[in-house]
Amino acid sequence: MSKVLELKNLSYVYGTGTPFEKTAVNNLSLSIEKGEVIGIKGQTGSGKSTLVQMLNGLMKPTSGQVLLDGEDIWANPKDIRKIRFKVGMVFQNPDNQIVSSIVEEDVAFGVENLGVEPKEIRERVDNALKTVGMYEHRLKAPNKLSGGQKQRVAVAGIIAMKPMCIVLDEPTAMLDPSGRREVMNTVKKLNKEEGITIVLITHYMDEAVQADRVVVMDDGQIKLDDTPRNVFAKVDEIKALGLDVPQSTELVYRLGIKCENTVLNANECVDLLKKTLEAKR
C-alpha cells in the first residue's frame, strides 16, 4: 500500500508566547496508508482533535509537516483550500455542517465550490446520496431528519467531492445506538467499496475494534499504534492512560482467563467461555 498521509515531527502549540501556552500535539509522526481505517483514541485533552484538524489544513502546525501524497500541504498556503477537498472532515454535530434547506442542495454545496459542471454535479450528488442510503430523502428539509440521517447527509456532502480521505471527529457522539449503526455502516461501506481512507476519532469501543489500526494518544503523543487485537491486549497500559477496553475484553481480563488472541466482541467472548468451561469438565 502507498501512503496517503504522512505526519513528520508534527507539533501544535496554543497561545504561543503567552502565559496560557499549551502544547497540544508534541513532535508526533504517523503514516496512514491508502485504504486504511485508523481509529484514534485518547482522553479529552490528549490532542486528538487538534491532530486531525491539521490533516486537512484547518489548523497549521507550529512545526513539522503534513504530507498528502508526498507533498507538504503548506508548501503553498494559497492551495490549502484544494487540500480540504481531498481530505474531507466530518464533525461531531451534523447541524454545524448543514448549510441548505434541502438535502440535495446541501450535498451539492461543496461540489459547486469546486467549479464542477452542473451535469456532473447532478451525477455526483445522486451517487453520493445513494451511497449513504439517503437518495429517497433528497428533497426533504434536513431538520426533518434523524441525527443519524443528518450525519449521513454530511458524509454524502464530503464524498460528492471525491476525497482521498475522510476524517471523522467523533461523528456518532451525539447519536443514539441506531444512528451510530447507520453512520458506521456507511463509513465501512465507503472504505470497502470506494477504497476511501478513513481516520476516525471515537470513544466507543465497538467502533474502535472495527478499525485496521488503533492509535492511542496521551499528552499530545502516540502511546500505542497497532491492530485492535494487539492494542487492547495491553489492558493495564490502556487503563493507566485513563481509557477503557471493549466490554468482552474487560470480562475476560477480570475472570483471569488466558487466551492466545485478545477477545474483542461478544461472539468471541462466548466462544472462549464455552471452551474454558468444557475444558474444566
# chains A, B, ... in the order shown; residues from 1 in each chain; ligands from 1
>>> residues_around(residues="Gly35 of chain A", least_positions_apart="3", cutoff="6 Å", atoms="only C-alpha atoms", output="VMD selection string")
chain A and resid 195 to 197
>>> select_by_dssp(residues="segment 55-173 of chain A", states="strand (DSSP E)", output="count of residues only")
17
>>> closest_residue(among="A:Leu139, A:Met54, A:Leu30, A:Ile257", to="Leu277 of chain A", atoms="only C-alpha atoms")
A:Ile257
>>> residues_around(residues="Ala24 of chain A", least_positions_apart="5", cutoff="10 Å", atoms="only C-alpha atoms", output="list of chain:residue names")
A:Ser11, A:Tyr12, A:Val13, A:Tyr14, A:Gly45, A:Ser46, A:Gly47, A:Lys48, A:Ser49, A:Thr50, A:Leu51, A:Asp218, A:Asp219, A:Gly220, A:Gln221
>>> residues_around(residues="Val107 of chain A", least_positions_apart="2", cutoff="12 Å", atoms="only C-alpha atoms", output="JSON, numbers by chain")
{"A": [97, 98, 99, 100, 101, 102, 103, 104, 105, 109, 110, 111, 112, 113, 121, 122, 123, 124, 125, 126, 127, 128, 129, 130, 132, 134, 135, 137, 138, 139, 142, 150, 151, 152, 153, 154, 155, 156, 157, 158, 159, 160, 161]}
>>> write_last_selection(atoms="C-alpha atoms", output="compact mmCIF listing (two decimals), in the first residue's frame")
# COMPACT_ATOMS: atom_id res chain seq x y z
CA GLN A 97 -22.15 21.25 8.62
CA ILE A 98 -25.60 21.60 7.08
CA VAL A 99 -25.92 24.85 5.10
CA SER A 100 -29.01 24.38 2.92
CA SER A 101 -32.73 23.86 3.48
CA ILE A 102 -32.95 20.88 1.11
CA VAL A 103 -30.84 17.73 1.41
CA GLU A 104 -29.64 17.52 -2.20
CA GLU A 105 -28.69 21.19 -2.24
CA PHE A 109 -22.70 22.80 -1.92
CA GLY A 110 -19.10 21.58 -1.78
CA VAL A 111 -19.10 20.27 -5.35
CA GLU A 112 -20.37 23.60 -6.66
CA ASN A 113 -17.46 25.30 -4.92
CA ILE A 121 -22.81 17.89 -10.01
CA ARG A 122 -26.16 16.18 -10.51
CA GLU A 123 -24.46 12.82 -11.01
CA ARG A 124 -22.14 13.24 -8.03
CA VAL A 125 -24.95 14.31 -5.70
CA ASP A 126 -27.22 11.44 -6.73
CA ASN A 127 -24.40 8.88 -6.44
CA ALA A 128 -23.31 10.22 -3.05
CA LEU A 129 -26.85 10.11 -1.66
CA LYS A 130 -27.34 6.57 -2.98
CA VAL A 132 -25.10 6.63 2.05
CA MET A 134 -30.27 8.85 1.60
CA TYR A 135 -31.38 9.25 -2.02
CA HIS A 137 -34.75 11.78 1.24
CA ARG A 138 -33.05 14.11 -1.28
CA LEU A 139 -35.91 16.63 -1.39
CA PRO A 142 -32.52 18.42 6.85
CA LYS A 150 -28.21 14.15 9.14
CA GLN A 151 -24.75 12.73 9.72
CA ARG A 152 -25.10 10.56 6.63
CA VAL A 153 -26.04 13.66 4.64
CA ALA A 154 -22.90 15.36 5.98
CA VAL A 155 -20.86 12.35 4.82
CA ALA A 156 -22.58 12.47 1.41
CA GLY A 157 -21.54 16.11 1.05
CA ILE A 158 -17.94 15.07 1.58
CA ILE A 159 -17.89 12.04 -0.72
CA ALA A 160 -19.54 14.04 -3.54
CA MET A 161 -16.25 15.94 -3.70
>>> residues_around(residues="Gly64 of chain A", least_positions_apart="2", cutoff="6 Å", atoms="only C-alpha atoms", output="PyMOL selection string")
chain A and resi 8-10
>>> residues_around(residues="segment 226-239 of chain A", least_positions_apart="2", cutoff="12 Å", atoms="only C-alpha atoms", output="PyMOL selection string")
chain A and resi 30+36-43+205-218+222-224+241-254+256+258-265+268
>>> residues_around(residues="Ala173 of chain A", least_positions_apart="6", cutoff="9 Å", atoms="only C-alpha atoms", output="list in words")
Gln92, Asn93, Arg180, Thr202, His203 and Tyr204 of chain A
>>> write_last_selection(atoms="C-alpha atoms", output="PDB file, in the first residue's frame")
ATOM      1  CA  GLN A  92     -19.427  15.650  15.850  1.00  0.00           C
ATOM      2  CA  ASN A  93     -22.548  17.755  15.338  1.00  0.00           C
ATOM      3  CA  ARG A 180     -24.459   5.180  15.378  1.00  0.00           C
ATOM      4  CA  THR A 202     -14.179   7.658  18.647  1.00  0.00           C
ATOM      5  CA  HIS A 203     -14.814   6.936  22.327  1.00  0.00           C
ATOM      6  CA  TYR A 204     -16.866   3.845  21.512  1.00  0.00           C
TER       7      TYR A 204
END
>>> atom_distance(atom1="atom CA of Asp72 of chain A", atom2="atom CA of Lys3 of chain A")
13.1 Å
>>> atom_distance(atom1="atom CA of Pro94 of chain A", atom2="atom CA of Val199 of chain A")
17.2 Å
>>> decode(residues="segment 162-176 of chain A", atoms="N, CA, C and O atoms", output="tab-separated table (two decimals), in the first residue's frame")
chain	number	residue	atom	x	y	z
A	162	LYS	N	-15.38	13.68	-3.95
A	162	LYS	CA	-14.42	12.63	-4.29
A	162	LYS	C	-13.09	12.81	-3.57
A	162	LYS	O	-12.04	12.96	-4.21
A	163	PRO	N	-13.11	12.77	-2.23
A	163	PRO	CA	-11.87	12.94	-1.48
A	163	PRO	C	-11.03	11.66	-1.47
A	163	PRO	O	-11.52	10.57	-1.77
A	164	MET	N	-9.76	11.82	-1.14
A	164	MET	CA	-8.87	10.67	-0.98
A	164	MET	C	-9.06	10.06	0.41
A	164	MET	O	-8.84	8.87	0.62
A	165	CYS	N	-9.44	10.92	1.34
A	165	CYS	CA	-9.52	10.51	2.74
A	165	CYS	C	-10.66	11.27	3.42
A	165	CYS	O	-10.92	12.43	3.09
A	166	ILE	N	-11.33	10.61	4.35
A	166	ILE	CA	-12.36	11.27	5.15
A	166	ILE	C	-11.96	11.16	6.62
A	166	ILE	O	-11.65	10.08	7.12
A	167	VAL	N	-11.95	12.31	7.30
A	167	VAL	CA	-11.61	12.37	8.72
A	167	VAL	C	-12.91	12.62	9.49
A	167	VAL	O	-13.63	13.57	9.19
A	168	LEU	N	-13.20	11.77	10.46
A	168	LEU	CA	-14.43	11.90	11.24
A	168	LEU	C	-14.09	12.11	12.70
A	168	LEU	O	-13.45	11.25	13.33
A	169	ASP	N	-14.48	13.25	13.23
A	169	ASP	CA	-14.15	13.60	14.62
A	169	ASP	C	-15.36	13.31	15.51
A	169	ASP	O	-16.28	14.11	15.62
A	170	GLU	N	-15.37	12.11	16.08
A	170	GLU	CA	-16.47	11.64	16.94
A	170	GLU	C	-17.84	11.85	16.28
A	170	GLU	O	-18.73	12.48	16.85
A	171	PRO	N	-18.03	11.30	15.08
A	171	PRO	CA	-19.27	11.54	14.33
A	171	PRO	C	-20.51	10.92	14.94
A	171	PRO	O	-21.63	11.27	14.57
A	172	THR	N	-20.35	9.97	15.88
A	172	THR	CA	-21.52	9.31	16.47
A	172	THR	C	-21.77	9.71	17.92
A	172	THR	O	-22.66	9.16	18.57
A	173	ALA	N	-20.98	10.66	18.43
A	173	ALA	CA	-21.06	11.01	19.85
A	173	ALA	C	-22.44	11.54	20.26
A	173	ALA	O	-22.85	11.34	21.40
A	174	MET	N	-23.15	12.19	19.35
A	174	MET	CA	-24.44	12.79	19.69
A	174	MET	C	-25.62	11.95	19.21
A	174	MET	O	-26.76	12.41	19.22
A	175	LEU	N	-25.34	10.70	18.78
A	175	LEU	CA	-26.39	9.88	18.20
A	175	LEU	C	-26.81	8.73	19.12
A	175	LEU	O	-26.04	8.30	19.99
A	176	ASP	N	-28.03	8.24	18.90
A	176	ASP	CA	-28.49	7.07	19.63
A	176	ASP	C	-27.89	5.82	18.97
A	176	ASP	O	-27.27	5.92	17.90
